[in-house]
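Just entry_5.tsv here, TSV, C-alpha atoms:
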chain	number	residue	atom	x	y	z
A	29	MET	CA	-29.78	7.93	-31.51
A	30	ILE	CA	-27.77	8.82	-34.64
A	31	SER	CA	-30.52	7.49	-36.91
A	32	GLU	CA	-33.30	9.06	-34.83
A	33	LEU	CA	-31.71	12.50	-35.18
A	34	GLY	CA	-31.13	12.04	-38.92
A	35	LEU	CA	-27.36	12.35	-38.52
A	36	THR	CA	-26.29	9.23	-40.43
A	37	ASN	CA	-23.85	10.25	-43.16
A	38	GLN	CA	-25.75	9.63	-46.41
A	39	HIS	CA	-22.85	10.78	-48.59
A	40	VAL	CA	-20.05	8.53	-47.37
A	41	GLU	CA	-19.98	6.41	-50.56
A	42	ALA	CA	-19.71	9.51	-52.77
A	43	GLN	CA	-17.08	10.98	-50.46
A	44	GLN	CA	-14.97	7.83	-50.60
A	45	ALA	CA	-15.41	7.59	-54.39
A	46	PHE	CA	-14.19	11.19	-54.73
A	47	PHE	CA	-10.92	10.10	-53.13
A	48	GLY	CA	-10.76	6.92	-55.20
A	49	LYS	CA	-11.53	4.68	-52.25
A	50	GLY	CA	-14.22	2.15	-51.44
A	51	VAL	CA	-16.49	1.89	-48.42
A	52	SER	CA	-15.58	-0.55	-45.66
A	53	GLU	CA	-17.69	-1.73	-42.75
A	54	ARG	CA	-16.18	0.90	-40.46
A	55	HIS	CA	-17.68	3.62	-42.67
A	56	ARG	CA	-21.24	2.31	-42.50
A	57	GLY	CA	-23.53	4.06	-40.07
A	58	ILE	CA	-21.10	6.84	-39.19
A	59	PRO	CA	-22.66	10.22	-38.44
A	60	TYR	CA	-21.92	13.58	-39.94
A	61	PRO	CA	-19.23	15.11	-37.72
A	62	GLY	CA	-20.71	17.77	-35.53
A	63	THR	CA	-21.20	19.30	-32.13
A	64	PHE	CA	-24.31	20.43	-30.29
A	65	ILE	CA	-23.72	23.41	-28.01
A	66	LEU	CA	-25.74	23.43	-24.77
A	67	ASP	CA	-26.37	26.16	-22.24
A	68	GLU	CA	-26.17	25.64	-18.48
A	69	GLY	CA	-29.73	24.28	-18.46
A	70	GLY	CA	-29.01	21.65	-21.11
A	71	THR	CA	-30.87	23.46	-23.92
A	72	VAL	CA	-29.32	23.32	-27.38
A	73	VAL	CA	-28.31	26.88	-28.27
A	74	GLY	CA	-26.12	26.16	-31.27
A	75	LYS	CA	-24.67	23.49	-33.51
A	76	GLU	CA	-21.72	23.08	-35.86
A	77	PHE	CA	-21.78	20.28	-38.45
A	78	GLU	CA	-19.63	19.26	-41.42
A	79	GLN	CA	-20.69	17.17	-44.38
A	80	SER	CA	-17.45	15.19	-44.61
A	81	TYR	CA	-16.09	13.11	-41.75
A	82	ARG	CA	-12.63	14.29	-42.85
A	83	ASP	CA	-13.28	17.79	-41.45
A	84	ARG	CA	-13.48	18.72	-37.78
A	85	ALA	CA	-14.08	21.84	-35.70
A	86	SER	CA	-11.52	22.45	-32.96
A	87	GLY	CA	-12.46	23.50	-29.45
A	88	SER	CA	-11.13	27.00	-30.10
A	89	TYR	CA	-13.26	27.22	-33.26
A	90	LEU	CA	-16.42	26.29	-31.33
A	91	LEU	CA	-15.63	28.88	-28.66
A	92	ASP	CA	-15.23	31.46	-31.40
A	93	GLN	CA	-18.72	30.61	-32.72
A	94	LEU	CA	-20.01	31.46	-29.24
A	95	GLY	CA	-18.22	34.79	-29.28
A	96	VAL	CA	-15.59	33.66	-26.77
A	97	ALA	CA	-12.14	34.66	-27.98
A	98	PRO	CA	-9.98	35.65	-24.99
A	99	LEU	CA	-6.74	37.40	-25.84
A	100	ASP	CA	-3.90	34.88	-25.76
A	101	PRO	CA	-0.98	36.03	-23.58
A	102	GLY	CA	1.31	34.68	-26.32
A	103	ALA	CA	-0.23	36.86	-29.03
A	104	GLN	CA	2.08	38.38	-31.61
A	105	GLU	CA	1.75	42.15	-31.70
A	106	GLN	CA	3.15	45.03	-33.68
A	107	GLU	CA	2.71	48.80	-33.65
A	108	ALA	CA	3.72	50.27	-37.01
A	109	THR	CA	1.62	53.44	-36.90
A	110	PRO	CA	1.39	55.81	-33.93
A	111	GLY	CA	-1.85	55.08	-32.12
A	112	VAL	CA	-2.58	51.69	-33.76
A	113	LYS	CA	-1.58	48.36	-32.21
A	114	ALA	CA	-2.24	45.09	-34.04
A	115	ARG	CA	-2.37	41.72	-32.30
A	116	ALA	CA	-2.83	38.22	-33.74
A	117	TRP	CA	-3.39	34.95	-31.90
A	118	VAL	CA	-4.94	31.50	-32.32
A	119	GLY	CA	-6.22	30.68	-28.83
A	120	THR	CA	-4.62	27.23	-28.75
A	121	SER	CA	-1.06	25.94	-28.82
A	122	THR	CA	-1.87	22.65	-30.58
A	123	TYR	CA	-4.01	21.31	-33.43
A	124	ARG	CA	-5.01	17.98	-34.92
A	125	PRO	CA	-4.91	17.33	-38.68
A	126	LEU	CA	-7.87	18.66	-40.71
A	127	GLN	CA	-9.23	20.71	-37.81
A	128	LYS	CA	-10.64	24.18	-38.36
A	129	VAL	CA	-8.88	26.74	-36.17
A	130	PRO	CA	-9.78	30.45	-35.86
A	131	VAL	CA	-7.06	33.06	-36.31
A	132	HIS	CA	-7.93	36.20	-34.34
A	133	VAL	CA	-6.75	39.73	-35.10
A	134	ARG	CA	-7.44	42.77	-32.94
A	135	LEU	CA	-6.67	46.39	-33.76
A	136	ASP	CA	-6.60	48.89	-30.90
A	137	MET	CA	-6.73	52.56	-31.90
A	138	ALA	CA	-5.89	55.47	-29.63
A	139	ASP	CA	-8.30	58.35	-29.11
A	140	GLY	CA	-8.58	60.47	-32.23
A	141	VAL	CA	-7.25	57.75	-34.57
A	142	HIS	CA	-9.39	55.98	-37.17
A	143	VAL	CA	-8.77	53.26	-39.77
A	144	TYR	CA	-10.47	53.11	-43.17
A	145	VAL	CA	-12.69	50.14	-44.07
A	146	PRO	CA	-14.25	49.23	-47.46
A	147	PRO	CA	-15.39	50.83	-49.63
A	148	VAL	CA	-12.72	53.51	-50.04
A	149	PRO	CA	-11.94	55.94	-52.89
A	150	ASP	CA	-8.99	55.25	-55.18
A	151	GLY	CA	-5.66	55.96	-53.54
A	152	PHE	CA	-6.69	54.89	-50.03
A	153	VAL	CA	-6.08	51.50	-48.39
A	154	PRO	CA	-8.89	49.81	-46.42
A	155	LEU	CA	-8.41	47.41	-43.53
A	156	SER	CA	-7.91	43.78	-44.56
A	157	VAL	CA	-6.68	40.61	-42.84
A	158	VAL	CA	-5.50	37.67	-44.95
A	159	VAL	CA	-4.03	34.29	-44.04
A	160	PRO	CA	-2.17	33.13	-47.19
A	161	GLY	CA	-2.62	29.42	-47.79
A	162	HIS	CA	-0.10	26.80	-48.88
A	163	GLU	CA	-0.09	23.05	-49.45
A	164	ALA	CA	-0.71	22.28	-45.77
A	165	LEU	CA	-2.82	25.31	-44.85
A	166	LEU	CA	-6.22	26.38	-46.16
A	167	GLY	CA	-6.21	30.11	-45.51
A	168	GLY	CA	-8.71	32.87	-46.18
A	169	SER	CA	-9.62	36.46	-45.43
A	170	ALA	CA	-11.55	38.11	-42.62
A	171	ARG	CA	-14.93	39.74	-43.00
A	172	VAL	CA	-14.31	43.40	-42.20
A	173	PRO	CA	-17.11	45.06	-40.18
A	174	ASN	CA	-19.09	47.97	-41.55
A	175	GLY	CA	-17.68	51.35	-40.65
A	176	THR	CA	-19.12	54.68	-39.61
A	177	PRO	CA	-19.52	57.34	-42.35
A	178	HIS	CA	-16.71	59.86	-42.21
A	179	ALA	CA	-16.16	63.12	-44.09
A	180	VAL	CA	-12.76	64.58	-44.92
A	181	GLU	CA	-12.73	68.34	-45.23
A	182	GLY	CA	-11.89	69.43	-48.76
A	183	LEU	CA	-12.65	66.04	-50.32
A	184	GLY	CA	-15.95	65.12	-51.91
A	185	GLU	CA	-15.53	61.35	-51.54
A	186	ARG	CA	-17.32	59.34	-48.89
A	187	PHE	CA	-15.31	57.36	-46.36
A	188	PHE	CA	-16.10	54.71	-43.74
A	189	VAL	CA	-13.96	54.22	-40.66
A	190	VAL	CA	-13.60	52.17	-37.47
A	191	THR	CA	-12.30	53.52	-34.17
A	192	ASP	CA	-11.36	52.31	-30.68
A	193	GLN	CA	-11.14	48.53	-31.14
A	194	VAL	CA	-12.04	46.06	-33.89
A	195	ASP	CA	-11.85	42.24	-33.85
A	196	LEU	CA	-11.58	40.06	-36.96
A	197	THR	CA	-11.42	36.30	-37.45
A	198	VAL	CA	-10.14	34.04	-40.24
A	199	PRO	CA	-11.04	30.33	-39.98
A	200	VAL	CA	-8.21	28.15	-41.34
A	201	LYS	CA	-7.66	24.41	-41.76
A	202	LEU	CA	-4.36	22.61	-41.18
A	203	ALA	CA	-3.46	19.38	-42.95
A	204	GLY	CA	-0.65	18.26	-40.65
A	205	ARG	CA	2.20	15.87	-41.40
A	206	GLY	CA	0.27	12.93	-42.77
A	207	PHE	CA	-2.61	14.42	-44.76
A	208	GLU	CA	-3.44	16.63	-47.71
A	209	LEU	CA	-5.99	19.41	-47.32
A	210	ASP	CA	-8.60	17.31	-49.13
A	211	GLY	CA	-8.24	14.59	-46.49
A	212	GLN	CA	-6.08	12.22	-48.52
A	213	GLN	CA	-3.39	10.49	-46.51
A	214	ARG	CA	0.13	11.26	-47.71
A	215	ALA	CA	2.37	8.44	-48.88
A	216	GLU	CA	5.30	10.17	-47.17
A	217	PRO	CA	4.57	12.40	-44.16
A	218	ARG	CA	5.91	15.92	-44.09
A	219	PRO	CA	8.97	16.20	-41.85
A	220	GLU	CA	7.70	18.96	-39.58
A	221	GLY	CA	5.02	18.61	-36.92
A	222	ALA	CA	4.83	22.32	-36.17
A	223	ALA	CA	2.66	24.63	-38.26
A	224	THR	CA	3.38	28.27	-38.99
A	225	ILE	CA	0.37	30.42	-39.83
A	226	PRO	CA	1.23	33.66	-41.67
A	227	VAL	CA	-1.05	36.64	-41.05
A	228	VAL	CA	-1.01	39.74	-43.28
A	229	ILE	CA	-2.72	42.90	-41.97
A	230	ARG	CA	-3.13	45.93	-44.24
A	231	TYR	CA	-4.58	49.26	-43.15
A	232	GLN	CA	-4.31	53.03	-43.33
A	233	ALA	CA	-4.78	55.15	-40.22
A	234	CYS	CA	-5.50	58.86	-39.90
A	235	THR	CA	-6.29	61.54	-37.35
A	236	SER	CA	-8.34	64.68	-37.92
A	237	THR	CA	-5.19	66.47	-39.11
A	238	GLU	CA	-2.84	63.79	-40.46
A	239	CYS	CA	-2.94	60.60	-42.55
A	240	PHE	CA	-0.18	58.04	-42.06
A	241	PRO	CA	1.28	55.97	-44.93
A	242	PRO	CA	-0.48	52.63	-45.61
A	243	GLN	CA	0.91	49.74	-43.58
A	244	GLU	CA	1.36	46.03	-44.22
A	245	LEU	CA	2.15	43.95	-41.15
A	246	GLN	CA	3.31	40.35	-41.48
A	247	LEU	CA	2.97	38.24	-38.34
A	248	GLU	CA	3.52	34.52	-37.77
A	249	LEU	CA	1.72	32.22	-35.35
A	250	GLY	CA	3.01	28.79	-34.39
A	251	LEU	CA	1.11	25.62	-33.48
A	252	THR	CA	2.24	22.10	-32.61
A	253	GLU	CA	0.55	19.09	-34.18
A	254	GLU	CA	-1.03	16.35	-32.10
A	255	ASP	CA	-1.84	12.88	-33.43
A	256	VAL	CA	-5.20	12.03	-34.94
A	257	LEU	CA	-7.49	10.36	-32.41
A	258	ARG	CA	-8.37	6.87	-33.61
A	259	PRO	CA	-10.70	4.33	-31.97
A	260	GLU	CA	-9.09	1.30	-30.43
A	261	ARG	CA	-9.59	-1.92	-32.37
Structure re-expressed in structure tokens:
Amino acid sequence: MISELGLTNQHVEAQQAFFGKGVSERHRGIPYPGTFILDEGGTVVGKEFEQSYRDRASGSYLLDQLGVAPLDPGAQEQEATPGVKARAWVGTSTYRPLQKVPVHVRLDMADGVHVYVPPVPDGFVPLSVVVPGHEALLGGSARVPNGTPHAVEGLGERFFVVTDQVDLTVPVKLAGRGFELDGQQRAEPRPEGAATIPVVIRYQACTSTECFPPQELQLELGLTEEDVLRPER
């Protein structure tokens, strides 16, 4: 079936050579790692594949690709500006090394409050969400949605804003105790099995009569590592 679908990993020798390793029998004939997503009738409605067998999509990542991102009751939240509440969550309490996991951020804005999004004139701060990376975390930044044109009386510049509610996602990858981010196994595992994911949210909110100072929120999300699944020999 793997060969019939054209899923045999044709790059495994180059991938192993990149890490300074040879190819053993257990590498031959392995497929590209991936998942087919089926609807209730068994029809393929989506797929998620990686080139390297060292990368994997987590269940929460696949749900995110389907637009399913329920608010986690354990979400970290902060309200630094009147009328704006920021929440961040992962949607899972555990991870396995080298899995991709989505970090979710939601901003809820009260009636009459808006937040600027890019592009903005000099002196104003647009919405951004960043997960800073480190040696065991491949971070990134969220794609901010397009805003609605907005005019400010007395100013000639053009603004774009979001209102009500906005959801953003940053896919991240966690190396875990025993691996580097490139998939190399560590000679000495890291001591901690719990991962902390930092989330930095920047924005500036205004009403029709008042603009609040720019805000930078720093939240932290925690996950517990589970062991890599290995076939029995």
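Remark: for Phe46 of chain A, the closest of the candidate residues A:Ser80, A:Ala164, A:Leu251, A:Pro130 is A:Ser80 (distances computed over all atoms listed in the file).
Distance-wise, atom CA of Gly161 of chain A and atom CA of Lys75 of chain A end up 26.9 Å apart.
Non-sequential neighbours of segment 224-238 of chain A (distance at most 7 Å, separation of 3 or more positions within a chain, all atoms listed in the file) are Gly140, Val141, His142, Val143, Tyr144, Val153, Pro154, Leu155, Ser156, Val157, Val158, Val159, Pro160, Pro241, Pro242, Gln243, Glu244, Leu245, Gln246, Leu247, Glu248, Leu249, Gly250 and Leu251 of chain A.
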Per residue of segment 104-133 of chain A within 10 Å of segment 82-87 of chain A, what are the shortest atom pair and its distance in Å to one decimal, counting all atoms listed in the file, with rows by chain and residue number, as CSV?
residue,atom,partner,partner_atom,distance
A:Gly119,CA,A:Gly87,CA,9.5
A:Thr120,CA,A:Gly87,CA,8.7
A:Thr122,CA,A:Ser86,CA,9.9
A:Tyr123,CA,A:Ser86,CA,7.6
A:Arg124,CA,A:Ser86,CA,8.1
A:Pro125,CA,A:Arg84,CA,8.7
A:Leu126,CA,A:Asp83,CA,5.5
A:Gln127,CA,A:Arg84,CA,4.7
A:Lys128,CA,A:Ala85,CA,4.9
A:Val129,CA,A:Ser86,CA,6.0
A:Pro130,CA,A:Ser86,CA,8.7
Residue selection dump (C-alpha atoms) as an mmCIF file, keeping the file's coordinate frame:
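For reference, selection.cif as written:
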data_model
loop_
_atom_site.group_PDB
_atom_site.id
_atom_site.type_symbol
_atom_site.label_atom_id
_atom_site.label_comp_id
_atom_site.auth_asym_id
_atom_site.auth_seq_id
_atom_site.Cartn_x
_atom_site.Cartn_y
_atom_site.Cartn_z
ATOM 1 C CA GLY A 119 -6.220 30.680 -28.830
ATOM 2 C CA THR A 120 -4.620 27.230 -28.750
ATOM 3 C CA THR A 122 -1.870 22.650 -30.580
ATOM 4 C CA TYR A 123 -4.010 21.310 -33.430
ATOM 5 C CA ARG A 124 -5.010 17.980 -34.920
ATOM 6 C CA PRO A 125 -4.910 17.330 -38.680
ATOM 7 C CA LEU A 126 -7.870 18.660 -40.710
ATOM 8 C CA GLN A 127 -9.230 20.710 -37.810
ATOM 9 C CA LYS A 128 -10.640 24.180 -38.360
ATOM 10 C CA VAL A 129 -8.880 26.740 -36.170
ATOM 11 C CA PRO A 130 -9.780 30.450 -35.860
#
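For the residues A:Val256, A:Val112, A:Ala179, A:Leu202, ranking by smallest atom-to-atom distance to Ala223 of chain A using only C-alpha atoms places A:Leu202 first.
The interatomic distance for the pair atom CA of Gly182 of chain A and atom CA of Pro147 of chain A works out to 18.9 Å.
For the pair atom CA of Ala42 of chain A and atom CA of Gln79 of chain A, the separation is 11.4 Å.
Proximity to Lys113 of chain A was assessed for A:Gln38, A:Gly48, A:Gly95, A:Arg134 counting only C-alpha atoms; the smallest distance is recorded for A:Arg134.
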Restricting the calculation to all atoms listed in the file, which member of A:Val133, A:Leu165, A:Ala170, A:Leu183 is positioned closest to Phe207 of chain A? A:Leu165
Go through A:Val194, A:Cys239, A:Gln212, A:Gly175 one by one, measure the shortest atom-to-atom distance of each to Phe152 of chain A using only C-alpha atoms, and give the residue with the smallest value. A:Cys239
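Shortest separation to Pro149 of chain A among A:Leu94, A:Ala203, A:Val180, A:Val190 occurs at residue A:Val180, atoms counted being all atoms listed in the file.
Close contacts of Gly62 of chain A, defined as residues with an atom at most 7 Å away when counting all atoms listed in the file, with chain neighbours fewer than 5 positions off set aside, comprise Glu76, Phe77 and Glu78 of chain A.
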